[in-house]
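For reference, upload.cif (mmCIF, C-alpha atoms and all ligand atoms):
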```
data_run
loop_
_atom_site.label_atom_id
_atom_site.label_comp_id
_atom_site.auth_asym_id
_atom_site.auth_seq_id
_atom_site.Cartn_x
_atom_site.Cartn_y
_atom_site.Cartn_z
CA MET A 8 -6.23 -27.30 10.31
CA ILE A 9 -7.88 -24.22 8.83
CA LEU A 10 -5.31 -21.96 7.18
CA LEU A 11 -6.00 -18.26 7.54
CA ASN A 12 -2.59 -17.30 6.17
CA PRO A 13 -2.22 -15.94 2.60
CA GLY A 14 -1.15 -19.24 1.04
CA PRO A 15 -0.58 -22.10 1.06
CA VAL A 16 -4.33 -22.45 1.38
CA ASN A 17 -6.75 -25.23 2.22
CA VAL A 18 -7.67 -27.09 -0.94
CA SER A 19 -10.77 -29.18 -1.69
CA ASP A 20 -10.67 -33.00 -1.66
CA ARG A 21 -11.16 -32.88 -5.39
CA VAL A 22 -7.94 -30.88 -5.88
CA ARG A 23 -6.03 -33.04 -3.38
CA ASN A 24 -7.19 -36.24 -5.08
CA ALA A 25 -5.91 -35.00 -8.41
CA LEU A 26 -2.39 -35.50 -7.02
CA MET A 27 -3.07 -39.23 -7.05
CA GLY A 28 -3.58 -39.52 -10.82
CA PRO A 29 -1.45 -41.74 -13.06
CA ASP A 30 2.31 -41.16 -13.31
CA ILE A 31 3.06 -39.40 -16.55
CA CYS A 32 6.27 -38.51 -18.35
CA HIS A 33 6.70 -34.83 -19.11
CA ARG A 34 7.90 -35.64 -22.64
CA GLU A 35 4.73 -37.55 -23.51
CA SER A 36 1.60 -36.25 -25.18
CA GLU A 37 -0.44 -36.57 -21.93
CA CYS A 38 1.71 -33.87 -20.31
CA ALA A 39 1.54 -31.61 -23.38
CA GLU A 40 -2.22 -31.99 -23.25
CA LEU A 41 -2.34 -31.17 -19.54
CA ILE A 42 -0.22 -28.05 -20.01
CA GLY A 43 -2.33 -26.97 -22.98
CA THR A 44 -5.53 -27.40 -20.96
CA ILE A 45 -4.16 -25.40 -18.02
CA ARG A 46 -3.04 -22.59 -20.31
CA ARG A 47 -6.48 -22.46 -21.94
CA LYS A 48 -8.30 -22.43 -18.60
CA LEU A 49 -6.09 -19.61 -17.31
CA LEU A 50 -7.07 -17.47 -20.29
CA GLU A 51 -10.74 -18.38 -19.93
CA ALA A 52 -10.66 -17.39 -16.25
CA PHE A 53 -8.64 -14.19 -16.41
CA VAL A 54 -9.00 -12.69 -19.90
CA PRO A 55 -12.51 -13.85 -20.82
CA GLY A 56 -13.47 -12.72 -24.31
CA ALA A 57 -9.86 -11.79 -25.13
CA GLU A 58 -8.32 -15.26 -25.04
CA SER A 59 -6.81 -14.83 -28.50
CA ASP A 60 -4.99 -11.64 -27.41
CA TYR A 61 -3.11 -13.28 -24.54
CA THR A 62 -0.97 -16.30 -23.86
CA ALA A 63 -0.40 -18.08 -20.55
CA ILE A 64 3.04 -19.37 -19.61
CA LEU A 65 3.21 -22.04 -16.97
CA LEU A 66 6.16 -22.33 -14.60
CA THR A 67 7.23 -24.71 -11.86
CA GLY A 68 8.15 -22.46 -8.96
CA SER A 69 6.41 -20.27 -6.41
CA GLY A 70 4.91 -16.86 -7.18
CA THR A 71 8.29 -15.15 -6.96
CA ALA A 72 9.47 -17.23 -9.94
CA ALA A 73 6.67 -15.76 -12.07
CA VAL A 74 7.41 -12.21 -10.89
CA GLU A 75 11.15 -12.55 -11.44
CA ALA A 76 10.66 -14.21 -14.85
CA SER A 77 8.43 -11.30 -15.92
CA ILE A 78 10.93 -8.67 -14.86
CA MET A 79 13.90 -10.50 -16.39
CA SER A 80 12.11 -11.02 -19.70
CA CYS A 81 10.25 -7.77 -20.39
CA LEU A 82 12.97 -5.34 -21.45
CA PRO A 83 14.72 -4.63 -24.74
CA PRO A 84 18.39 -3.58 -24.48
CA GLY A 85 18.99 -0.23 -22.77
CA LYS A 86 15.46 0.08 -21.40
CA ARG A 87 14.50 0.22 -17.72
CA LEU A 88 11.48 -0.04 -15.43
CA VAL A 89 9.76 2.36 -13.07
CA HIS A 90 8.83 0.29 -10.01
CA VAL A 91 6.47 0.83 -7.13
CA ASN A 92 7.33 -0.17 -3.58
CA ASN A 93 4.68 0.08 -0.87
CA GLY A 94 5.11 -3.20 0.95
CA VAL A 95 7.16 -6.34 1.35
CA TYR A 96 6.36 -7.56 -2.18
CA GLY A 97 7.06 -4.18 -3.78
CA GLU A 98 10.36 -4.30 -1.89
CA ARG A 99 10.99 -7.75 -3.36
CA ILE A 100 10.39 -6.37 -6.87
CA SER A 101 12.94 -3.64 -6.10
CA SER A 102 15.45 -6.28 -4.99
CA ILE A 103 14.91 -8.38 -8.14
CA ILE A 104 15.35 -5.26 -10.27
CA ALA A 105 18.51 -4.29 -8.35
CA THR A 106 20.23 -7.61 -9.10
CA GLN A 107 20.34 -6.73 -12.81
CA ARG A 108 20.17 -2.94 -12.50
CA LEU A 109 16.95 -2.84 -14.51
CA GLY A 110 15.33 0.05 -12.62
CA ILE A 111 15.17 3.72 -13.53
CA ALA A 112 12.99 5.10 -10.71
CA GLU A 113 11.46 3.67 -7.57
CA ILE A 114 8.15 5.14 -6.37
CA LYS A 115 8.31 4.37 -2.68
CA CYS A 116 5.31 4.87 -0.39
CA LYS A 117 4.42 3.90 3.15
CA TRP A 118 2.88 0.45 3.55
CA ASP A 119 -0.57 1.88 4.21
CA THR A 120 -0.44 4.28 1.26
CA PRO A 121 -1.41 3.47 -2.32
CA PRO A 122 0.87 5.14 -4.89
CA ASP A 123 -0.36 8.26 -6.65
CA PRO A 124 -1.03 7.37 -10.32
CA GLU A 125 -0.08 10.92 -11.38
CA MET A 126 3.35 10.51 -9.82
CA ILE A 127 3.92 7.37 -11.83
CA LEU A 128 2.87 9.10 -15.02
CA LYS A 129 5.23 11.98 -14.21
CA SER A 130 8.08 9.58 -13.62
CA LEU A 131 7.43 7.84 -16.95
CA LYS A 132 7.45 11.21 -18.75
CA GLN A 133 10.71 12.26 -17.09
CA GLN A 134 12.65 9.10 -17.92
CA PRO A 135 13.29 8.59 -21.63
CA SER A 136 14.70 5.11 -21.03
CA ALA A 137 11.64 3.96 -19.04
CA HIS A 138 9.98 1.10 -20.89
CA GLY A 139 7.15 0.68 -18.43
CA VAL A 140 6.03 0.13 -14.86
CA VAL A 141 6.05 -2.91 -12.60
CA MET A 142 4.05 -3.11 -9.38
CA VAL A 143 1.99 -5.26 -7.04
CA HIS A 144 -1.78 -5.51 -7.41
CA HIS A 145 -2.77 -6.77 -3.94
CA GLU A 146 0.03 -5.88 -1.47
CA THR A 147 -0.30 -8.79 0.92
CA THR A 148 1.79 -7.00 3.56
CA LEU A 149 -1.35 -5.24 4.87
CA GLY A 150 -4.00 -6.45 2.42
CA LEU A 151 -3.82 -3.18 0.47
CA LEU A 152 -5.29 -2.86 -3.01
CA ASN A 153 -3.17 -0.71 -5.29
CA PRO A 154 -4.90 1.40 -8.00
CA VAL A 155 -3.62 -0.76 -10.84
CA HIS A 156 -6.45 0.02 -13.26
CA GLU A 157 -5.82 3.75 -13.18
CA ILE A 158 -2.06 3.28 -13.41
CA ALA A 159 -2.49 0.84 -16.32
CA GLU A 160 -4.33 3.56 -18.23
CA HIS A 161 -1.55 6.09 -17.61
CA VAL A 162 1.12 3.61 -18.67
CA ASP A 163 -0.86 2.69 -21.77
CA SER A 164 -1.32 6.37 -22.68
CA ARG A 165 2.51 6.65 -22.77
CA GLY A 166 2.87 3.47 -24.84
CA GLY A 167 4.60 1.76 -21.91
CA VAL A 168 4.38 -1.82 -20.77
CA PHE A 169 2.59 -2.56 -17.51
CA ILE A 170 3.78 -5.55 -15.50
CA VAL A 171 1.69 -6.64 -12.52
CA ASP A 172 2.40 -8.98 -9.62
CA SER A 173 -1.07 -10.34 -8.93
CA VAL A 174 0.23 -13.37 -7.05
CA SER A 175 -2.24 -12.79 -4.21
CA GLY A 176 -4.86 -11.01 -6.33
CA LEU A 177 -5.95 -13.24 -9.20
CA GLY A 178 -9.09 -15.14 -8.26
CA GLY A 179 -9.74 -12.94 -5.24
CA GLU A 180 -9.89 -9.44 -6.73
CA PRO A 181 -11.28 -8.10 -9.98
CA LEU A 182 -8.50 -7.37 -12.51
CA ASP A 183 -9.34 -6.11 -15.98
CA ILE A 184 -6.20 -7.39 -17.66
CA ALA A 185 -7.32 -7.22 -21.28
CA GLY A 186 -9.47 -4.09 -21.02
CA ARG A 187 -6.61 -2.09 -19.47
CA HIS A 188 -3.92 -3.54 -21.73
CA MET A 189 -1.81 -5.11 -19.02
CA TYR A 190 1.26 -6.65 -20.65
CA MET A 191 2.30 -9.25 -18.13
CA VAL A 192 0.45 -10.47 -15.04
CA ALA A 193 2.16 -12.90 -12.68
CA GLY A 194 0.03 -15.31 -10.65
CA THR A 195 0.28 -18.46 -8.59
CA ALA A 196 -1.69 -21.67 -8.10
CA GLY A 197 -1.44 -21.70 -4.33
CA LYS A 198 -3.49 -18.70 -3.21
CA CYS A 199 -6.89 -17.54 -4.50
CA ILE A 200 -6.96 -20.17 -7.28
CA GLN A 201 -7.00 -22.75 -4.49
CA GLY A 202 -4.34 -25.10 -5.86
CA PHE A 203 -1.07 -26.21 -4.29
CA PRO A 204 2.01 -23.99 -4.01
CA GLY A 205 4.92 -24.64 -6.38
CA VAL A 206 3.20 -23.74 -9.65
CA SER A 207 2.98 -20.23 -11.04
CA PHE A 208 2.24 -18.57 -14.35
CA VAL A 209 2.43 -15.37 -16.34
CA LEU A 210 -0.33 -14.03 -18.59
CA VAL A 211 1.26 -12.09 -21.45
CA ARG A 212 -0.19 -9.97 -24.25
CA LYS A 213 0.45 -11.93 -27.42
CA GLY A 214 1.84 -9.07 -29.50
CA PHE A 215 4.26 -8.26 -26.71
CA MET A 216 5.29 -11.91 -26.42
CA GLU A 217 6.52 -11.80 -30.03
CA ASN A 218 8.96 -9.07 -28.91
CA VAL A 219 9.91 -10.78 -25.66
CA VAL A 220 11.32 -13.82 -27.49
CA LYS A 221 13.85 -11.48 -29.16
CA TYR A 222 14.91 -9.60 -26.01
CA PRO A 223 18.22 -10.37 -24.27
CA LYS A 224 18.14 -13.40 -21.97
CA ARG A 225 18.91 -12.19 -18.45
CA SER A 226 18.21 -15.53 -16.83
CA TRP A 227 18.68 -19.05 -18.12
CA TYR A 228 15.97 -20.75 -16.07
CA LEU A 229 13.47 -17.90 -15.84
CA ASN A 230 13.38 -16.67 -19.41
CA LEU A 231 9.77 -16.42 -20.53
CA GLY A 232 10.76 -16.49 -24.21
CA ASN A 233 12.18 -20.01 -23.78
CA TYR A 234 9.07 -21.23 -21.96
CA TYR A 235 6.75 -19.70 -24.53
CA THR A 236 8.56 -21.19 -27.51
CA ALA A 237 8.63 -24.62 -25.89
CA GLN A 238 5.02 -24.54 -24.70
CA GLU A 239 3.78 -23.40 -28.09
CA ASN A 240 5.51 -26.50 -29.48
CA GLY A 241 3.77 -28.78 -26.99
CA THR A 242 6.82 -29.23 -24.81
CA ILE A 243 8.50 -27.64 -21.79
CA PRO A 244 12.15 -26.68 -21.28
CA PHE A 245 12.65 -28.23 -17.82
CA THR A 246 11.10 -31.07 -15.81
CA PRO A 247 7.80 -29.69 -14.50
CA ALA A 248 5.98 -30.59 -11.25
CA VAL A 249 3.62 -32.87 -13.16
CA GLN A 250 1.45 -33.94 -10.20
CA LEU A 251 1.06 -30.34 -9.03
CA TYR A 252 0.01 -29.41 -12.56
CA ALA A 253 -2.72 -32.05 -12.43
CA ALA A 254 -4.01 -30.56 -9.16
CA PHE A 255 -3.77 -27.05 -10.61
CA ASP A 256 -5.84 -28.15 -13.59
CA GLU A 257 -8.52 -29.40 -11.19
CA ALA A 258 -8.37 -26.17 -9.16
CA LEU A 259 -8.89 -24.18 -12.37
CA SER A 260 -11.92 -26.32 -13.25
CA GLU A 261 -13.32 -25.59 -9.81
CA LEU A 262 -12.68 -21.89 -10.28
CA LEU A 263 -14.41 -21.85 -13.66
CA GLU A 264 -17.37 -23.82 -12.27
CA GLU A 265 -17.74 -21.46 -9.33
CA GLY A 266 -17.12 -18.46 -11.61
CA VAL A 267 -14.38 -15.90 -10.95
CA ALA A 268 -16.92 -13.19 -10.05
CA ASN A 269 -18.67 -15.54 -7.60
CA ARG A 270 -15.39 -16.47 -5.96
CA ILE A 271 -14.51 -12.81 -5.55
CA GLU A 272 -17.94 -12.25 -4.02
CA ARG A 273 -17.51 -15.22 -1.65
CA TYR A 274 -14.13 -13.95 -0.48
CA GLY A 275 -15.52 -10.44 0.00
CA ARG A 276 -18.40 -11.78 2.07
CA MET A 277 -16.09 -13.80 4.31
CA ALA A 278 -13.74 -10.87 4.79
CA ALA A 279 -16.72 -8.71 5.80
CA LEU A 280 -17.83 -11.31 8.38
CA ILE A 281 -14.36 -11.39 9.91
CA ARG A 282 -14.03 -7.60 9.98
CA GLU A 283 -17.47 -7.01 11.50
CA ARG A 284 -17.06 -9.56 14.27
CA LEU A 285 -13.55 -8.47 15.19
CA ALA A 286 -14.66 -4.82 15.17
CA SER A 287 -17.45 -5.76 17.60
CA LEU A 288 -14.72 -7.19 19.88
CA GLY A 289 -12.83 -3.90 19.70
CA VAL A 290 -10.10 -5.19 17.33
CA ARG A 291 -9.11 -2.44 14.90
CA ALA A 292 -8.27 -2.98 11.22
CA VAL A 293 -5.06 -1.29 10.03
CA LEU A 294 -6.46 -0.03 6.72
CA PRO A 295 -9.63 1.95 5.96
CA PRO A 296 -12.36 -0.14 4.24
CA GLU A 297 -11.85 1.42 0.79
CA GLN A 298 -8.25 0.17 0.64
CA GLN A 299 -8.91 -3.35 1.91
CA SER A 300 -8.82 -6.41 -0.30
CA ASN A 301 -11.34 -9.26 -0.32
CA SER A 302 -8.91 -11.87 0.95
CA LEU A 303 -6.78 -10.51 3.78
CA THR A 304 -7.17 -8.15 6.71
CA ALA A 305 -4.42 -6.75 8.90
CA PHE A 306 -5.52 -5.98 12.46
CA TYR A 307 -3.80 -4.29 15.39
CA LEU A 308 -3.15 -6.75 18.20
CA PRO A 309 -5.77 -6.17 20.92
CA GLU A 310 -4.53 -3.83 23.66
CA GLY A 311 -5.68 -6.18 26.43
CA LEU A 312 -3.52 -8.93 24.95
CA ILE A 313 -0.48 -6.66 24.88
CA LEU A 314 -1.16 -5.55 28.47
CA GLN A 315 -1.42 -9.15 29.60
CA HIS A 316 1.53 -10.65 27.69
CA GLY A 317 3.69 -7.72 26.52
CA SER A 318 4.14 -6.59 22.91
CA GLY A 319 6.91 -9.14 22.29
CA ARG A 320 4.66 -12.10 23.19
CA ALA A 321 1.15 -10.97 22.30
CA TYR A 322 1.14 -12.31 18.74
CA ALA A 323 2.66 -15.66 19.73
CA VAL A 324 0.00 -16.16 22.43
CA LEU A 325 -2.84 -15.32 20.03
CA HIS A 326 -1.36 -17.52 17.31
CA ASP A 327 -0.68 -20.48 19.59
CA ARG A 328 -4.05 -20.44 21.35
CA LEU A 329 -5.84 -20.26 17.98
CA LYS A 330 -3.68 -23.01 16.53
CA GLU A 331 -4.59 -25.25 19.49
CA ARG A 332 -8.19 -24.72 18.38
CA GLY A 333 -7.44 -25.55 14.74
CA TYR A 334 -6.84 -22.14 13.12
CA VAL A 335 -3.61 -20.66 11.72
CA ILE A 336 -3.35 -16.87 11.55
CA TYR A 337 -0.39 -14.92 10.17
CA ALA A 338 2.13 -12.52 11.70
CA GLY A 339 2.83 -8.97 10.63
CA GLN A 340 6.12 -8.25 8.86
CA GLY A 341 8.95 -5.75 9.23
CA HIS A 342 8.40 -2.80 11.54
CA LEU A 343 4.80 -3.88 12.24
CA GLU A 344 5.73 -7.36 13.43
CA SER A 345 4.96 -6.75 17.10
CA GLU A 346 1.90 -4.56 16.46
CA ILE A 347 -0.34 -6.42 14.06
CA PHE A 348 -1.62 -9.80 12.95
CA ARG A 349 -3.22 -10.87 9.69
CA VAL A 350 -6.21 -13.01 8.85
CA ALA A 351 -6.52 -14.25 5.28
CA ASN A 352 -9.64 -15.83 3.87
CA MET A 353 -8.28 -17.49 0.75
CA GLY A 354 -8.81 -21.12 -0.09
CA ALA A 355 -11.56 -23.72 0.01
CA LEU A 356 -13.18 -22.19 3.08
CA GLN A 357 -16.84 -22.34 3.96
CA ASP A 358 -18.89 -20.08 6.21
CA THR A 359 -18.72 -22.72 8.96
CA HIS A 360 -14.91 -22.42 9.00
CA VAL A 361 -15.14 -18.65 9.38
CA ASP A 362 -17.79 -18.99 12.11
CA GLY A 363 -15.62 -21.53 13.93
CA PHE A 364 -12.63 -19.21 13.75
CA LEU A 365 -14.61 -16.24 15.04
CA GLY A 366 -15.90 -18.29 17.98
CA ALA A 367 -12.38 -19.48 18.78
CA PHE A 368 -11.04 -15.92 18.52
CA GLU A 369 -13.60 -14.60 20.98
CA GLU A 370 -12.83 -17.42 23.39
CA VAL A 371 -9.07 -16.73 23.24
CA LEU A 372 -9.64 -13.02 23.89
CA GLN A 373 -11.80 -13.83 26.92
CA HIS A 374 -9.06 -16.04 28.35
CA GLU A 375 -5.97 -14.09 27.40
CA CYS A 376 -6.83 -10.38 27.62
CA ARG A 377 -6.51 -8.25 30.71
CA VAL A 378 -9.61 -6.12 30.90
CA THR A 379 -8.72 -2.43 31.31
C1 LIG A 401 1.87 -10.04 -3.72
C2 LIG A 401 2.82 -11.19 -3.63
N1 LIG A 401 3.80 -11.30 -4.52
C3 LIG A 401 4.69 -12.30 -4.48
C4 LIG A 401 4.61 -13.25 -3.50
C5 LIG A 401 5.63 -14.34 -3.45
O1 LIG A 401 5.03 -15.57 -3.69
P1 LIG A 401 5.78 -16.93 -3.27
O2 LIG A 401 5.96 -16.90 -1.79
O3 LIG A 401 4.79 -17.95 -3.75
O4 LIG A 401 7.05 -16.95 -4.01
C6 LIG A 401 3.61 -13.20 -2.52
C7 LIG A 401 3.52 -14.20 -1.45
O5 LIG A 401 2.75 -14.10 -0.53
C8 LIG A 401 2.69 -12.14 -2.60
O6 LIG A 401 1.71 -12.04 -1.70
#
```
Entire entry expressed as structure tokens:
Amino acid sequence: MILLNPGPVNVSDRVRNALMGPDICHRESECAELIGTIRRKLLEAFVPGAESDYTAILLTGSGTAAVEASIMSCLPPGKRLVHVNNGVYGERISSIIATQRLGIAEIKCKWDTPPDPEMILKSLKQQPSAHGVVMVHHETTLGLLNPVHEIAEHVDSRGGVFIVDSVSGLGGEPLDIAGRHMYMVAGTAGKCIQGFPGVSFVLVRKGFMENVVKYPKRSWYLNLGNYYTAQENGTIPFTPAVQLYAAFDEALSELLEEGVANRIERYGRMAALIRERLASLGVRAVLPPEQQSNSLTAFYLPEGLILQHGSGRAYAVLHDRLKERGYVIYAGQGHLESEIFRVANMGALQDTHVDGFLGAFEEVLQHECRVT
């Protein structure tokens, strides 16, 4: 089955086979070595040239664990975060923040609208207790790229900390973490890094990490200070998903061999193929090209399909007919659920997979659309 959803993704045989390695105990030196290697490869991939300025903290848990751990760990007493909400994952950040009342201002925008960097700067200036800003890099809700580089500069100019959820961005989109002084960046194994789900990580500026270990612990399990201290000592606080770590290590080797820039280019090329062919079939993208990411496109459901099957059934018909042909697409969320569908192009995909999908898509449209 070819997965065109934004994670879990198709992995290579090489990554899958890494699951079958020897059983190892997480308290033995082999595991410490594995964790050390993964942490080094993460820095090599995402902060090249600035490896000594950052540290990588490895977690067992999906991307949300890394985002929540970052938010729970990044604040000294009495300080709060400005947070941006322009999609389902920005909304999730707001919900995490609300559980501990760690927010000072929410910048809320429509799902198809990137936040205005000036507004964020203004909000930081107005709130003396604001310690920094947290937001999503690639808002997977519609495949929208947020202007994180510009915002990072504004936050840095105010001496604030910038926390980024790049769960669906890292490996698929350029992100200048070190150059723009990003303090914490949350990522996951199971999307553009092409590993399995269930492993996530946070890249943290080293100087900041020295402060984080002294901040109040707002979570027992998801405290980054605890993980950092343990991992620096060659251990880990809780039982990790050892086999998934082995596969993640292999996925990172693959990423480094391909090169992050080349992977980004490959994803961009595949996204362009999908967009061009669907446009030629009259299927409209939700976002303008300049806002679109390299790895996911949201499209309006074709009118003929809605006419034929009704808006309540159109997505299910498209999904089911494509799945019968070996391709999994993804539904829209929230208020756009019955209007759109999404096609991701993350994972160990080749051009032949994309071609196959496009052929299948055309065939389904021919069968299932009423011509107007
Ligand atoms: C931008 C973003 N943040 C966070 C998450 C949550 O990740 P997970 O489902 O792995 O917890 C996702 C998942 O798609 C995402 O796209």
Might I get the box with edges along x, y and z of the file that holds all atoms of region 223-228 of chain A listed there, padded by 6 Å on every side, given as centre and edge lengths in Å to one decimal, as JSON?
```
{"center_x": 17.4, "center_y": -15.6, "center_z": -20.2, "size_x": 14.9, "size_y": 22.4, "size_z": 20.2}
```
10 Å shell around ligand LIG 401 (chain A) using only C-alpha atoms and all ligand atoms, listed as a ChimeraX atom specification
/A:12-15,68-75,94-100,142-151,171-176,193-198,204-207
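For the choices A:Leu325, A:Gly339, A:His161, A:Glu344, the atom-to-atom distance to Cys376 (chain A) is smallest for A:Leu325 when using all atoms listed in the file.
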Identify which of the residues A:Leu11, A:Ile104, A:Val91, A:Leu41 lies closest to Val361 (chain A), counting all atoms listed in the file when measuring atom-to-atom distances.
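Residue with the minimum atom-to-atom distance to Val361 (chain A): A:Leu11.
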Let me make sure I understand: among A:Cys116, A:Ala338, A:Leu26, A:Leu294, which one has the smallest atom-to-atom distance to Arg320 (chain A) if we use all atoms listed in the file?
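Of A:Cys116, A:Ala338, A:Leu26, A:Leu294, the one nearest Arg320 (chain A) is A:Ala338, counting all atoms listed in the file.
Picture a line from CA of Leu365 (chain A) to CA of Leu312 (chain A); it runs 16.6 Å.
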Mind pulling up the distance from CA of Glu297 (chain A) to CA of Trp118 (chain A)?
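Result for CA of Trp118 (chain A) versus CA of Glu297 (chain A): 15.0 Å, one decimal.
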If we count all atoms listed in the file and set the cut-off at 8 Å, which residues sit around Lys115 (chain A), ignoring sequence neighbours fewer than 6 positions away in its own chain? Please answer as a PyMOL selection string.
chain A and resi 91-93+122
Just write the chosen residues, C-alpha atoms, as an mmCIF file, in the frame of the given file.
```cif
data_model
loop_
_atom_site.group_PDB
_atom_site.id
_atom_site.type_symbol
_atom_site.label_atom_id
_atom_site.label_comp_id
_atom_site.auth_asym_id
_atom_site.auth_seq_id
_atom_site.Cartn_x
_atom_site.Cartn_y
_atom_site.Cartn_z
ATOM 1 C CA VAL A 91 6.470 0.830 -7.130
ATOM 2 C CA ASN A 92 7.330 -0.170 -3.580
ATOM 3 C CA ASN A 93 4.680 0.080 -0.870
ATOM 4 C CA PRO A 122 0.870 5.140 -4.890
#
```
If we count all atoms listed in the file, what is near Pro154 (chain A) at a cut-off of 9 Å, once residues fewer than 3 positions away on the same chain are taken out, given as number ranges by chain?
A: 121-124, 144, 157-159
For those residues, write C-alpha atoms to a file as a JSON list (two decimals), in the frame of the given file.
```json
[["chain", "number", "residue", "atom", "x", "y", "z"],
["A", 121, "PRO", "CA", -1.41, 3.47, -2.32],
["A", 122, "PRO", "CA", 0.87, 5.14, -4.89],
["A", 123, "ASP", "CA", -0.36, 8.26, -6.65],
["A", 124, "PRO", "CA", -1.03, 7.37, -10.32],
["A", 144, "HIS", "CA", -1.78, -5.51, -7.41],
["A", 157, "GLU", "CA", -5.82, 3.75, -13.18],
["A", 158, "ILE", "CA", -2.06, 3.28, -13.41],
["A", 159, "ALA", "CA", -2.49, 0.84, -16.32]]
```
Skip Gly232 (chain A) itself and residues of its chain fewer than 3 positions away, then list as a compact mmCIF listing (two decimals) with C-alpha atoms, in the frame of the given file all residues within 12 Å of it, counting only C-alpha atoms.
```txt
# COMPACT_ATOMS: atom_id res chain seq x y z
CA THR A 62 -0.97 -16.30 -23.86
CA ALA A 63 -0.40 -18.08 -20.55
CA ILE A 64 3.04 -19.37 -19.61
CA LEU A 65 3.21 -22.04 -16.97
CA ALA A 76 10.66 -14.21 -14.85
CA SER A 77 8.43 -11.30 -15.92
CA MET A 79 13.90 -10.50 -16.39
CA SER A 80 12.11 -11.02 -19.70
CA CYS A 81 10.25 -7.77 -20.39
CA LEU A 82 12.97 -5.34 -21.45
CA VAL A 209 2.43 -15.37 -16.34
CA VAL A 211 1.26 -12.09 -21.45
CA LYS A 213 0.45 -11.93 -27.42
CA PHE A 215 4.26 -8.26 -26.71
CA MET A 216 5.29 -11.91 -26.42
CA GLU A 217 6.52 -11.80 -30.03
CA ASN A 218 8.96 -9.07 -28.91
CA VAL A 219 9.91 -10.78 -25.66
CA VAL A 220 11.32 -13.82 -27.49
CA LYS A 221 13.85 -11.48 -29.16
CA TYR A 222 14.91 -9.60 -26.01
CA PRO A 223 18.22 -10.37 -24.27
CA LYS A 224 18.14 -13.40 -21.97
CA ARG A 225 18.91 -12.19 -18.45
CA SER A 226 18.21 -15.53 -16.83
CA TRP A 227 18.68 -19.05 -18.12
CA TYR A 228 15.97 -20.75 -16.07
CA LEU A 229 13.47 -17.90 -15.84
CA TYR A 235 6.75 -19.70 -24.53
CA THR A 236 8.56 -21.19 -27.51
CA ALA A 237 8.63 -24.62 -25.89
CA GLN A 238 5.02 -24.54 -24.70
CA GLU A 239 3.78 -23.40 -28.09
CA ILE A 243 8.50 -27.64 -21.79
CA PRO A 244 12.15 -26.68 -21.28
```
Point (-2.8, 2.4, 15.1), cut-off 8 Å, counting only C-alpha atoms, residues as a ChimeraX atom specification:
/A:291,293,307
Between CA of Gln250 (chain A) and CA of Met27 (chain A), what is the distance, to one decimal in Å?
7.6 Å
Counting all atoms listed in the file, the option among A:Arg87, A:Glu257, A:Val141, A:Leu49 closest to Arg23 (chain A):
A:Glu257
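Comparing A:Gly319, A:Gly139, A:Pro309, A:Gly266 by their smallest distance to Glu51 (chain A), the closest is A:Gly266 (using only C-alpha atoms).
Nearest to Tyr274 (chain A) of all the residues A:Met353, A:Ser101, A:Gly289, A:Phe245 is A:Met353, counting all atoms listed in the file.
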Residue contacts of Leu356 (chain A) (10 Å, all atoms listed in the file) excluding same-chain residues fewer than 6 positions away, as a list in words
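My reading of the contact set: Ile9, Leu10, Leu11, Val16, Asn17, Val18, Ser19, Gln201, Arg273, Tyr274 and Met277 of chain A.
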Got a moment to write region 20-34 of chain A out with C-alpha atoms, as a PDB file, in the first residue's frame?
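The new file out_22.pdb reads:
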```pdb
ATOM      1  CA  ASP A  20      13.395  -2.236   3.331  1.00  0.00           C
ATOM      2  CA  ARG A  21      16.627  -1.145   4.924  1.00  0.00           C
ATOM      3  CA  VAL A  22      14.777   0.740   7.687  1.00  0.00           C
ATOM      4  CA  ARG A  23      12.246  -2.079   8.135  1.00  0.00           C
ATOM      5  CA  ASN A  24      15.007  -4.679   8.405  1.00  0.00           C
ATOM      6  CA  ALA A  25      16.684  -2.692  11.151  1.00  0.00           C
ATOM      7  CA  LEU A  26      13.757  -3.712  13.388  1.00  0.00           C
ATOM      8  CA  MET A  27      15.056  -7.276  13.204  1.00  0.00           C
ATOM      9  CA  GLY A  28      18.421  -6.568  14.844  1.00  0.00           C
ATOM     10  CA  PRO A  29      19.579  -8.255  18.056  1.00  0.00           C
ATOM     11  CA  ASP A  30      17.580  -7.825  21.278  1.00  0.00           C
ATOM     12  CA  ILE A  31      19.350  -5.332  23.483  1.00  0.00           C
ATOM     13  CA  CYS A  32      18.818  -4.186  27.049  1.00  0.00           C
ATOM     14  CA  HIS A  33      18.313  -0.461  27.460  1.00  0.00           C
ATOM     15  CA  ARG A  34      20.677  -0.405  30.448  1.00  0.00           C
TER      16      ARG A  34
END
```
